[in-house]
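Just target04.cif here, mmCIF, C-alpha atoms and all ligand atoms:
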```cif
data_coords
loop_
_atom_site.label_atom_id
_atom_site.label_comp_id
_atom_site.auth_asym_id
_atom_site.auth_seq_id
_atom_site.Cartn_x
_atom_site.Cartn_y
_atom_site.Cartn_z
CA MET C 1 1.53 -32.68 19.41
CA GLN C 2 1.11 -36.26 18.20
CA ALA C 3 3.85 -35.63 15.64
CA LEU C 4 6.05 -34.02 18.28
CA LYS C 5 5.63 -36.96 20.64
CA HIS C 6 6.45 -39.30 17.77
CA SER C 7 9.53 -37.37 16.68
CA LEU C 8 10.83 -37.24 20.26
CA LYS C 9 10.30 -41.02 20.64
CA ILE C 10 8.94 -40.56 24.13
CA SER C 11 8.19 -43.50 26.40
CA LYS C 12 4.68 -44.46 27.50
CA ASP C 13 5.23 -42.92 30.96
CA LEU C 14 6.35 -39.63 29.53
CA GLU C 15 3.58 -39.70 26.95
CA SER C 16 0.92 -39.94 29.64
CA ILE C 17 2.49 -37.04 31.55
CA ALA C 18 2.64 -34.98 28.36
CA ASP C 19 -1.04 -35.76 27.73
CA LYS C 20 -1.94 -34.58 31.22
CA VAL C 21 -0.03 -31.33 30.75
CA LEU C 22 -1.71 -30.74 27.40
CA GLN C 23 -5.11 -31.29 29.05
CA LEU C 24 -4.05 -28.70 31.66
CA GLU C 25 -4.16 -31.32 34.42
CA ARG C 26 -1.88 -31.11 37.45
CA ILE C 27 1.12 -33.43 37.50
CA THR C 28 2.22 -35.30 40.63
CA ASP C 29 5.59 -35.12 42.38
CA ILE C 30 6.58 -38.52 40.95
CA GLU C 31 5.68 -37.33 37.46
CA ALA C 32 7.76 -34.18 37.94
CA LEU C 33 10.69 -36.37 38.99
CA LEU C 34 10.26 -38.49 35.88
CA LEU C 35 10.36 -35.34 33.75
CA TYR C 36 13.59 -34.26 35.45
CA GLU C 37 15.20 -37.66 35.02
CA ARG C 38 14.03 -38.71 31.58
CA ALA C 39 12.43 -36.00 29.46
CA GLU C 40 14.36 -34.51 26.58
CA LEU C 41 14.92 -30.77 26.59
CA GLY C 42 12.75 -30.39 23.46
CA LEU C 43 9.76 -32.02 25.13
CA LEU C 44 10.13 -29.94 28.30
CA GLY C 45 10.40 -26.76 26.26
CA SER C 46 7.31 -27.59 24.22
CA LEU C 47 5.22 -28.41 27.28
CA ALA C 48 6.36 -25.37 29.28
CA ASN C 49 5.85 -23.13 26.29
CA PHE C 50 2.36 -24.54 25.77
CA ILE C 51 1.42 -23.62 29.35
CA ARG C 52 3.00 -20.17 29.16
CA GLN C 53 1.18 -19.46 25.90
CA ASN C 54 -2.07 -20.70 27.41
CA LYS C 55 -1.72 -18.39 30.43
CA HIS C 56 -0.28 -15.28 28.80
CA GLY C 57 -0.34 -15.54 25.00
CA ASP C 58 2.57 -13.53 23.63
CA HIS C 59 2.74 -11.13 26.56
CA THR C 60 6.09 -10.89 28.36
CA PHE C 61 6.23 -8.69 31.42
CA PHE C 62 8.84 -6.38 32.90
CA ASN C 63 8.79 -3.46 35.32
CA ARG C 64 10.75 -0.31 36.06
CA ASN C 65 12.32 -0.73 39.43
CA PHE C 66 15.39 -0.12 41.55
CA HIS C 67 16.84 -1.79 44.62
CA ILE C 68 17.93 -0.46 47.97
CA GLU C 69 20.32 -2.76 49.82
CA PRO C 70 20.49 -1.18 53.30
CA THR C 71 23.51 -3.22 54.42
CA ASN C 72 25.48 -6.31 53.51
CA LYS C 73 26.44 -6.90 57.16
CA CYS C 74 24.69 -10.02 58.33
CA VAL C 75 24.39 -12.07 61.50
CA PHE C 76 23.87 -15.21 59.42
CA THR C 77 26.47 -17.23 57.57
CA CYS C 78 24.85 -18.85 54.52
CA LYS C 79 27.55 -20.80 52.71
CA PHE C 80 26.42 -19.73 49.22
CA CYS C 81 26.44 -16.01 50.00
CA SER C 82 29.20 -13.90 48.41
CA TYR C 83 27.63 -10.66 49.43
CA SER C 84 27.40 -10.62 53.21
CA ARG C 85 30.06 -9.49 55.65
CA LEU C 86 30.12 -10.16 59.38
CA VAL C 87 28.70 -7.30 61.45
CA GLN C 88 32.15 -6.36 62.84
CA GLN C 89 33.87 -6.67 59.44
CA GLU C 90 34.89 -3.53 57.53
CA ASP C 91 36.22 -4.60 54.12
CA GLU C 92 33.66 -4.37 51.32
CA ALA C 93 30.96 -3.82 53.96
CA TRP C 94 28.35 -1.09 53.90
CA GLU C 95 25.64 0.19 56.15
CA LEU C 96 23.45 2.93 54.69
CA THR C 97 21.94 5.63 56.87
CA GLU C 98 18.26 6.50 56.64
CA LYS C 99 19.24 9.71 54.83
CA GLN C 100 21.29 7.83 52.24
CA MET C 101 18.35 5.51 51.52
CA LEU C 102 15.88 8.38 51.24
CA ASP C 103 18.32 10.18 48.92
CA ALA C 104 18.39 7.04 46.77
CA VAL C 105 14.61 7.37 46.43
CA ARG C 106 14.81 11.11 45.70
CA LYS C 107 17.24 10.36 42.87
CA TYR C 108 14.28 8.93 40.92
CA GLU C 109 12.17 12.07 41.16
CA GLY C 110 10.39 12.57 37.83
CA ILE C 111 11.48 9.11 36.60
CA PRO C 112 8.54 6.73 36.13
CA VAL C 113 9.80 3.81 38.24
CA THR C 114 6.95 1.90 39.88
CA GLU C 115 8.73 -0.29 42.45
CA VAL C 116 11.50 -0.18 45.02
CA HIS C 117 12.82 -3.57 46.10
CA ILE C 118 14.46 -3.40 49.55
CA VAL C 119 16.54 -6.39 50.62
CA GLY C 120 19.86 -6.88 52.36
CA GLY C 121 21.84 -8.52 55.13
CA VAL C 122 20.38 -9.04 58.60
CA HIS C 123 21.86 -6.30 60.80
CA PRO C 124 20.95 -6.22 64.52
CA LYS C 125 20.89 -2.40 64.60
CA MET C 126 18.38 -2.08 61.75
CA ASN C 127 15.29 -3.13 63.64
CA LEU C 128 11.55 -3.31 62.98
CA MET C 129 10.76 0.34 63.80
CA PHE C 130 13.83 1.61 61.91
CA PHE C 131 12.51 -0.08 58.77
CA ALA C 132 8.83 0.80 59.45
CA ASN C 133 9.80 4.49 59.71
CA LEU C 134 12.01 4.24 56.62
CA ILE C 135 9.10 2.88 54.57
CA LYS C 136 6.78 5.61 55.89
CA LYS C 137 9.28 8.28 54.80
CA ILE C 138 9.75 6.66 51.38
CA LYS C 139 5.99 6.83 50.90
CA GLU C 140 5.97 10.50 51.94
CA ILE C 141 8.52 11.25 49.20
CA ARG C 142 6.96 8.99 46.60
CA PRO C 143 3.40 7.85 47.49
CA ASP C 144 3.00 6.09 44.11
CA LEU C 145 6.02 3.80 44.61
CA HIS C 146 5.23 0.16 45.42
CA VAL C 147 7.44 -0.95 48.32
CA LYS C 148 8.40 -4.63 47.95
CA ALA C 149 10.52 -5.24 51.00
CA PHE C 150 12.41 -7.79 53.11
CA THR C 151 12.87 -11.50 52.71
CA ALA C 152 11.13 -13.73 55.23
CA VAL C 153 14.61 -14.25 56.75
CA GLU C 154 15.01 -10.54 57.51
CA LEU C 155 11.41 -10.38 58.78
CA GLU C 156 11.75 -13.41 61.08
CA TYR C 157 14.80 -11.82 62.74
CA MET C 158 13.18 -8.36 63.02
CA PHE C 159 10.01 -9.75 64.60
CA ARG C 160 11.92 -12.03 66.99
CA LYS C 161 14.11 -9.13 68.20
CA ALA C 162 11.07 -6.86 68.58
CA LYS C 163 9.23 -9.67 70.43
CA VAL C 164 6.15 -9.41 68.22
CA SER C 165 4.22 -12.16 66.46
CA VAL C 166 4.51 -12.57 62.69
CA GLU C 167 1.03 -11.16 62.25
CA ALA C 168 1.64 -8.15 64.50
CA GLY C 169 5.00 -7.42 62.83
CA LEU C 170 3.59 -7.62 59.32
CA LYS C 171 0.66 -5.39 60.32
CA ILE C 172 3.08 -2.73 61.61
CA LEU C 173 5.04 -2.76 58.34
CA LYS C 174 1.86 -2.75 56.26
CA ASP C 175 0.46 0.18 58.24
CA HIS C 176 3.70 2.08 57.54
CA GLY C 177 3.37 1.48 53.78
CA MET C 178 4.92 -1.89 52.93
CA ASP C 179 3.00 -3.31 49.96
CA SER C 180 4.42 -6.77 49.26
CA LEU C 181 7.22 -9.25 50.01
CA PRO C 182 9.99 -10.40 47.68
CA GLY C 183 10.69 -14.11 47.38
CA GLY C 184 14.21 -14.37 48.80
CA GLY C 185 15.44 -16.51 51.66
CA ALA C 186 13.60 -19.64 50.53
CA GLU C 187 16.77 -21.34 49.18
CA ILE C 188 15.90 -25.06 49.45
CA PHE C 189 13.25 -26.00 52.00
CA HIS C 190 14.33 -29.64 52.50
CA LYS C 191 15.98 -29.84 55.93
CA GLU C 192 18.81 -32.11 54.78
CA ILE C 193 20.02 -29.42 52.35
CA ARG C 194 19.00 -26.34 54.35
CA ASP C 195 21.01 -27.58 57.34
CA ILE C 196 24.12 -27.72 55.19
CA ILE C 197 23.84 -24.47 53.23
CA CYS C 198 22.10 -22.07 55.64
CA LYS C 199 21.49 -23.74 58.97
CA ASP C 200 21.30 -20.68 61.20
CA LYS C 201 18.59 -18.60 59.51
CA ALA C 202 14.77 -18.83 59.37
CA THR C 203 13.51 -22.36 58.90
CA SER C 204 11.37 -23.43 55.97
CA GLU C 205 8.33 -23.53 58.22
CA GLN C 206 8.99 -19.94 59.34
CA TRP C 207 9.46 -18.80 55.73
CA LEU C 208 6.17 -20.39 54.70
CA LEU C 209 4.29 -19.04 57.74
CA ILE C 210 5.45 -15.48 57.05
CA HIS C 211 4.26 -15.66 53.44
CA GLU C 212 0.99 -17.31 54.44
CA THR C 213 0.32 -14.59 57.04
CA ALA C 214 1.22 -11.83 54.57
CA HIS C 215 -1.25 -13.31 52.06
CA HIS C 216 -3.97 -13.43 54.74
CA LEU C 217 -3.30 -9.74 55.45
CA GLY C 218 -3.83 -8.95 51.77
CA MET C 219 -0.18 -8.60 50.72
CA HIS C 220 1.15 -10.49 47.71
CA SER C 221 4.59 -12.07 47.53
CA ASN C 222 7.00 -14.00 45.35
CA ALA C 223 8.84 -17.26 45.95
CA THR C 224 12.38 -18.23 44.96
CA MET C 225 14.42 -21.44 44.85
CA LEU C 226 18.22 -21.49 44.90
CA TYR C 227 19.16 -24.34 42.54
CA GLY C 228 22.25 -25.88 41.03
CA HIS C 229 24.46 -26.60 44.06
CA ILE C 230 24.25 -29.71 46.30
CA GLU C 231 20.51 -30.31 46.00
CA LYS C 232 19.06 -33.18 43.96
CA TYR C 233 15.99 -33.08 41.72
CA ILE C 234 13.90 -34.55 44.52
CA HIS C 235 14.75 -31.57 46.74
CA ARG C 236 13.67 -29.13 44.03
CA ILE C 237 10.36 -30.97 43.72
CA ASP C 238 9.86 -31.03 47.48
CA HIS C 239 10.49 -27.27 47.48
CA MET C 240 7.97 -26.56 44.73
CA SER C 241 5.48 -28.97 46.28
CA ARG C 242 5.36 -26.95 49.53
CA LEU C 243 4.88 -23.75 47.51
CA ARG C 244 2.14 -25.26 45.36
CA ALA C 245 0.27 -26.43 48.48
CA LEU C 246 0.48 -22.97 50.09
CA GLN C 247 -0.63 -21.30 46.86
CA ASP C 248 -3.67 -23.63 46.73
CA HIS C 249 -4.54 -22.35 50.19
CA THR C 250 -3.90 -18.58 49.84
CA GLY C 251 -3.47 -17.70 46.15
CA GLY C 252 -1.10 -14.90 47.25
CA PHE C 253 2.04 -15.69 45.23
CA ASN C 254 2.60 -13.72 42.04
CA ALA C 255 5.78 -15.22 40.64
CA PHE C 256 8.15 -18.13 41.11
CA ILE C 257 11.80 -17.23 40.52
CA PRO C 258 14.38 -20.01 40.23
CA LEU C 259 17.74 -18.48 41.25
CA LYS C 260 20.83 -20.10 39.76
CA PHE C 261 23.61 -20.60 42.32
CA ARG C 262 26.68 -18.53 41.35
CA ASN C 263 29.93 -19.72 42.81
CA MET C 264 32.36 -16.81 43.03
CA ASP C 265 33.87 -15.85 46.42
CA ASN C 266 31.74 -17.94 48.72
CA GLU C 267 32.14 -21.05 50.85
CA MET C 268 30.63 -23.18 48.08
CA SER C 269 33.01 -21.97 45.36
CA HIS C 270 34.28 -25.53 44.81
CA ILE C 271 30.84 -26.51 43.42
CA SER C 272 30.46 -26.05 39.65
CA GLU C 273 27.59 -23.96 38.41
CA ALA C 274 24.63 -25.56 36.62
CA SER C 275 24.86 -25.81 32.82
CA ILE C 276 22.55 -23.76 30.60
CA VAL C 277 20.71 -26.98 29.76
CA ASP C 278 20.04 -27.56 33.45
CA ASP C 279 18.83 -23.95 33.74
CA LEU C 280 16.37 -24.47 30.89
CA ARG C 281 15.14 -27.77 32.34
CA CYS C 282 14.70 -26.26 35.81
CA TYR C 283 12.58 -23.35 34.58
CA ALA C 284 10.53 -25.54 32.23
CA ILE C 285 9.67 -28.04 34.97
CA ALA C 286 8.77 -25.18 37.32
CA ARG C 287 6.32 -23.87 34.70
CA ILE C 288 4.83 -27.34 34.18
CA TYR C 289 4.60 -28.27 37.87
CA LEU C 290 3.49 -24.95 39.42
CA ASP C 291 0.14 -24.82 37.65
CA ASN C 292 -1.27 -22.37 40.21
CA PHE C 293 1.54 -19.77 39.95
CA PRO C 294 0.56 -17.05 37.49
CA HIS C 295 4.14 -16.08 36.55
CA ILE C 296 7.58 -17.63 36.17
CA LYS C 297 10.27 -14.98 36.35
CA ALA C 298 13.82 -15.05 35.01
CA TYR C 299 15.82 -12.56 37.05
CA TRP C 300 18.15 -11.34 34.32
CA PRO C 301 20.96 -9.86 36.50
CA MET C 302 21.54 -13.35 37.88
CA ILE C 303 20.99 -15.56 34.82
CA GLY C 304 22.29 -13.17 32.14
CA ARG C 305 20.58 -11.54 29.17
CA SER C 306 21.09 -14.30 26.56
CA THR C 307 19.87 -17.10 28.83
CA THR C 308 16.88 -14.91 29.74
CA GLN C 309 15.99 -14.76 26.06
CA LEU C 310 16.28 -18.55 25.74
CA LEU C 311 14.14 -18.98 28.86
CA LEU C 312 11.29 -17.12 27.20
CA ASN C 313 10.86 -20.37 25.24
CA PHE C 314 11.00 -22.49 28.39
CA GLY C 315 8.03 -21.20 30.37
CA VAL C 316 9.19 -17.74 31.44
CA ASP C 317 6.82 -14.80 30.96
CA ASP C 318 8.53 -12.18 33.17
CA VAL C 319 12.08 -10.78 33.15
CA ASP C 320 11.92 -8.54 36.27
CA GLY C 321 13.02 -4.94 35.88
CA THR C 322 15.38 -2.22 34.79
CA ILE C 323 17.29 -2.50 38.16
CA ASP C 324 19.52 0.49 37.34
CA ASP C 325 22.74 -0.99 38.74
CA SER C 326 21.25 -0.94 42.24
CA THR C 327 21.94 -4.52 43.39
CA LYS C 328 25.20 -6.20 44.29
CA ILE C 329 23.98 -9.68 45.33
CA TYR C 330 24.78 -11.30 41.98
CA SER C 331 27.70 -9.22 40.76
CA MET C 332 29.56 -10.16 43.98
CA ALA C 333 28.72 -13.83 43.35
CA GLY C 334 30.20 -13.76 39.84
CA ALA C 335 27.29 -12.96 37.50
CA GLU C 336 28.51 -11.78 34.05
CA ASP C 337 26.79 -8.41 34.43
CA GLN C 338 28.92 -6.50 36.94
CA HIS C 339 26.75 -3.35 36.67
CA PRO C 340 23.25 -4.64 35.95
CA ALA C 341 21.05 -2.01 34.35
CA MET C 342 18.79 -2.03 31.33
CA THR C 343 16.88 0.89 29.90
CA THR C 344 13.24 0.32 29.06
CA ASN C 345 14.37 0.37 25.44
CA ASP C 346 16.90 -2.47 26.13
CA ILE C 347 14.28 -4.66 27.83
CA VAL C 348 11.69 -4.05 25.13
CA ASP C 349 14.32 -4.99 22.53
CA LEU C 350 15.35 -8.13 24.41
CA ILE C 351 11.71 -9.28 24.46
CA LYS C 352 10.90 -8.29 20.87
CA GLN C 353 13.98 -10.12 19.56
CA VAL C 354 12.34 -13.40 20.54
CA GLY C 355 9.05 -12.45 18.93
CA ARG C 356 7.18 -11.63 22.12
CA HIS C 357 4.99 -8.73 23.03
CA PRO C 358 6.52 -6.54 25.80
CA ILE C 359 4.22 -5.31 28.54
CA GLU C 360 5.43 -2.97 31.25
CA ARG C 361 3.65 -4.01 34.45
CA ASP C 362 3.51 -2.77 37.99
CA THR C 363 4.39 -5.11 40.87
CA LEU C 364 0.88 -6.59 40.89
CA TYR C 365 0.91 -7.15 37.11
CA ASN C 366 -1.43 -4.30 36.20
CA VAL C 367 -0.51 -3.07 32.73
CA VAL C 368 1.44 0.20 32.82
CA GLN C 369 2.24 0.33 29.10
CA ASP C 370 1.90 -1.95 26.12
CA TYR C 371 5.04 -1.74 23.93
CA LYS C 372 3.90 -3.88 21.02
CA ASN C 373 3.75 -1.02 18.55
CA VAL C 374 6.15 1.39 20.20
CA ILE C 375 9.28 2.18 18.21
CA PHE C 376 11.71 4.29 20.13
CA GLU C 377 12.90 7.57 18.56
CA GLU C 378 16.48 6.34 18.83
CA LYS C 379 15.57 3.26 16.74
CA LYS C 380 13.75 5.31 14.13
CA GLN C 381 16.82 7.50 13.79
CA ARG C 382 19.11 4.52 13.46
CA PHE C 383 16.83 3.20 10.71
CA TYR C 384 16.71 6.50 8.83
CA GLU C 385 20.44 6.90 9.13
CA LEU C 386 21.14 3.73 7.17
CA PRO C 387 23.07 4.57 4.00
CA VAL C 388 20.85 4.85 0.95
CA VAL C 389 21.72 2.14 -1.56
CA ASN C 390 22.17 3.56 -5.00
CA ASN C 391 21.04 1.01 -7.57
CA ASN C 392 22.09 3.03 -10.61
O1 LIG C 401 17.66 -15.43 49.13
C1 LIG C 401 22.42 -15.23 47.47
C2 LIG C 401 20.08 -15.49 46.53
C3 LIG C 401 18.37 -14.15 47.20
C4 LIG C 401 23.55 -16.20 45.90
O2 LIG C 401 11.00 -11.41 44.70
C5 LIG C 401 22.22 -16.16 45.52
O3 LIG C 401 11.08 -10.32 42.85
C6 LIG C 401 22.74 -17.22 43.56
O4 LIG C 401 15.36 -13.18 46.53
N1 LIG C 401 24.04 -17.33 43.88
C7 LIG C 401 17.93 -12.71 47.39
N2 LIG C 401 21.80 -16.68 44.36
C8 LIG C 401 17.39 -12.09 46.10
C9 LIG C 401 15.95 -12.43 45.82
C10 LIG C 401 15.20 -11.83 44.68
C11 LIG C 401 15.89 -11.39 43.57
C12 LIG C 401 15.16 -10.85 42.52
C13 LIG C 401 13.80 -10.71 42.56
C14 LIG C 401 13.12 -11.14 43.69
C15 LIG C 401 11.65 -10.95 43.77
C16 LIG C 401 13.81 -11.72 44.75
O5 LIG C 401 19.57 -14.18 46.45
C17 LIG C 401 18.74 -14.94 48.41
C18 LIG C 401 19.51 -16.10 47.80
O6 LIG C 401 18.65 -17.12 47.42
N3 LIG C 401 21.55 -15.58 46.52
N4 LIG C 401 23.67 -15.61 47.10
C19 LIG C 401 24.50 -16.83 45.02
N5 LIG C 401 25.79 -16.95 45.33
FE1 LIG C 402 22.76 -13.03 55.24
FE2 LIG C 402 21.00 -13.30 53.24
FE3 LIG C 402 23.64 -13.66 52.77
FE4 LIG C 402 22.28 -15.45 54.21
S1 LIG C 402 21.92 -14.95 52.01
S2 LIG C 402 24.31 -14.58 54.74
S3 LIG C 402 20.82 -14.18 55.29
S4 LIG C 402 22.66 -11.75 53.39
#
```

Step by step, read the file and then write its structure as structure tokens.
Ligand code: V47
Ligand code: SF4
Amino acid sequence: MQALKHSLKISKDLESIADKVLQLERITDIEALLLYERAELGLLGSLANFIRQNKHGDHTFFNRNFHIEPTNKCVFTCKFCSYSRLVQQEDEAWELTEKQMLDAVRKYEGIPVTEVHIVGGVHPKMNLMFFANLIKKIKEIRPDLHVKAFTAVELEYMFRKAKVSVEAGLKILKDHGMDSLPGGGAEIFHKEIRDIICKDKATSEQWLLIHETAHHLGMHSNATMLYGHIEKYIHRIDHMSRLRALQDHTGGFNAFIPLKFRNMDNEMSHISEASIVDDLRCYAIARIYLDNFPHIKAYWPMIGRSTTQLLLNFGVDDVDGTIDDSTKIYSMAGAEDQHPAMTTNDIVDLIKQVGRHPIERDTLYNVVQDYKNVIFEEKKQRFYELPVVNNN
């Protein structure tokens, strides 16, 4: 590392931060800001990679999952959202019936998916008991499926309409089979930014309280951050600082997922998207700063497959799941992949190409299968089909 620090010609300030990181000491908010403002990409990558390696060795995780998006009709009007339609709007709007959602689950009969991720717009007709009963029926069809459902924004609205406390609402959903919470709806916690981009939905305090209560009830969750729009570095650090403090208290977060703002067809389309360099810096600093988060996830349908591979060298140890073309949130916002789906084979390949060791996990990071030495039949065939070189 001495040689690295020398070759990067880093300043005294940065050197002392790098030393702290290498001693596995926590960095402060001011130090994180200094990294954002001054550190070269190479230094950030080396530090983030050091921490990732220390936590996970060569293991890179993925899961087999699919999404159900019950509706894209939404009572809220987040400016960055390309996906939602007003409740009375008809064009490009959908509203699935309970039967359609249960049929979506039945479609996976005999297929070894381990997780369904349910997230969508906030529709007044789809209330707490509608969703509690839906989850119960999903579990009757597929008791082994982990149900990761509803952003804190959807939950806050559901509980408010049902006039139940956060704790009572979460208990109802848990008793009906909900297993964990996804990380959406966090956006940027700082009020100055939140008031501009998504003023009317759950506040930061409500988001944090819902996750805290879920953790106390024994449910795990993820946390996201929508970056690369009007926020400044200081807002990203404030966001991560609130998450780090809550994680110190509960230990219930599994993964942190930075979500890159995509600018197609929304009210913030005039804002340019972050560069790949900014993506790499954002993930690396998240890995360095969030010392108490076990996993940093790159959600490949949003960030793209090639950047996901690069990110595996910038602190990321998880690439989410097979998805099976079951989400529209990012394709409608302009992500390259208009029909996001990867076979297990594709994901294993993506991970192996960067020299990592693919591990299929369940939602709680229990190992489902180790793919280090698995060579798919299809691959073997491709290899054997290579023309034989005749040296004579
Ligand atoms: O909260 C909406 C984001 C989130 C845009 O927990 C956008 O495993 C970029 O949270 N550009 C919902 N992002 C999705 C989500 C998620 C995804 C994958 C995995 C997990 C998990 C959670 O999507 C929203 C919002 O932050 N979003 N519009 C956009 N234009
Ligand atoms: Fe509704 Fe979620 Fe879109 Fe906001 S981000 S408008 S809450 S669907």

(message) So, with all atoms listed in the file as the atoms that count, which of C:Val75, C:Ala333, C:Ile135, C:Ile257 lies closest to ligand LIG 402 (chain C)?
(response)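 Going through C:Val75, C:Ala333, C:Ile135, C:Ile257 one by one, the smallest distance to ligand LIG 402 (chain C) is for C:Val75.
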
(request) May I have the residues within 8 Å of ligand LIG 401 (chain C), computed using all atoms listed in the file, as a VMD selection string? (result) chain C and resid 80 to 83 117 119 to 120 148 151 181 to 187 221 to 226 255 257 259 to 264 266 299 302 320 329 to 330 332 to 334

(request) Kindly indicate which residue among C:Glu140, C:Glu273, C:Asp103, C:Glu267 lies nearest to ligand LIG 402 (chain C), using all atoms listed in the file for the distances. (result)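 Of C:Glu140, C:Glu273, C:Asp103, C:Glu267, the one nearest ligand LIG 402 (chain C), counting all atoms listed in the file, is C:Glu267.
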
(request) Return the single residue from C:Phe150, C:Ala32, C:Glu98, C:Lys136 that is closest to ligand LIG 402 (chain C), with distances computed using all atoms listed in the file. (result) C:Phe150

(message) I'd like the interatomic distance between atom CA of Cys74 of chain C and atom CA of Tyr233 of chain C, to a tenth of an Å.
(response)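 These atoms are spaced 29.7 Å apart.
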
(request) Would you mind telling me which residue in C:Ala286, C:Glu212, C:Ile188, C:Ile271 lies nearest to His239 of chain C when using only C-alpha atoms? (result)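 With only C-alpha atoms as the atom set, the closest residue is C:Ile188.
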
(message) When you count all atoms listed in the file, which of these residues is closest to ligand LIG 402 (chain C): C:Glu167, C:Glu205, C:Asp317, C:Asp200?
(response)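 Of the candidates, the smallest distance to ligand LIG 402 (chain C) is held by C:Asp200.
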
(message) Quick check, in Å to one decimal: how far apart do atom FE4 of ligand LIG 402 (chain C) and atom CA of Leu311 of chain C lie?
(response)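 For atom FE4 of ligand LIG 402 (chain C) relative to atom CA of Leu311 of chain C, the distance reads 26.9 Å.
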
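Taking atom CA of Phe62 of chain C and atom CA of Arg361 of chain C as endpoints, the distance between them is 5.9 Å.
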
(request) Using only C-alpha atoms, find all polymer residues with an atom at most 12 Å away from the point (9.1, -8.7, 57.0); report them as a PyMOL selection string. (result) chain C and resi 118-120+122+127-129+131-132+135+147-160+162+164-174+178-185+202+206-207+209-211+213-214+219+221

(message) With distances taken over all atoms listed in the file, which residue among C:Asp195, C:Asp279, C:Asp324, C:Asp362 lies nearest Leu44 of chain C?
(response)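 Nearest candidate to Leu44 of chain C out of C:Asp195, C:Asp279, C:Asp324, C:Asp362: C:Asp279.
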
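All residues of protein, DNA or RNA that reach within 12 Å of His56 of chain C, judged by all atoms listed in the file and not counting those fewer than 6 positions away in the chain, are C:Asn49, C:Phe50, C:Pro294, C:His295, C:Ile296, C:Leu312, C:Gly315, C:Val316, C:Asp317, C:Asp318, C:Arg356, C:His357, C:Pro358, C:Ile359, C:Tyr365.
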
Near-Asp248 of chain C list (10 Å; all atoms listed in the file; drop same-chain fewer than 5 positions) as a tab-separated table (two decimals) with C-alpha atoms, in the coordinates of the input:
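Saved as result.tsv:
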```tsv
chain	number	residue	atom	x	y	z
C	243	LEU	CA	4.88	-23.75	47.51
C	253	PHE	CA	2.04	-15.69	45.23
C	291	ASP	CA	0.14	-24.82	37.65
C	292	ASN	CA	-1.27	-22.37	40.21
C	293	PHE	CA	1.54	-19.77	39.95
```

(message) Env of Ser272 of chain C: 9 Å cut, atoms = all atoms listed in the file, seq-sep filter 2 positions within chain, self excluded. Answer as a list in words.
(response)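 The residues that qualify are Gly228, His229, Arg262, Asn263, Met268, Ser269, His270, Ala274 and Ser275 of chain C.
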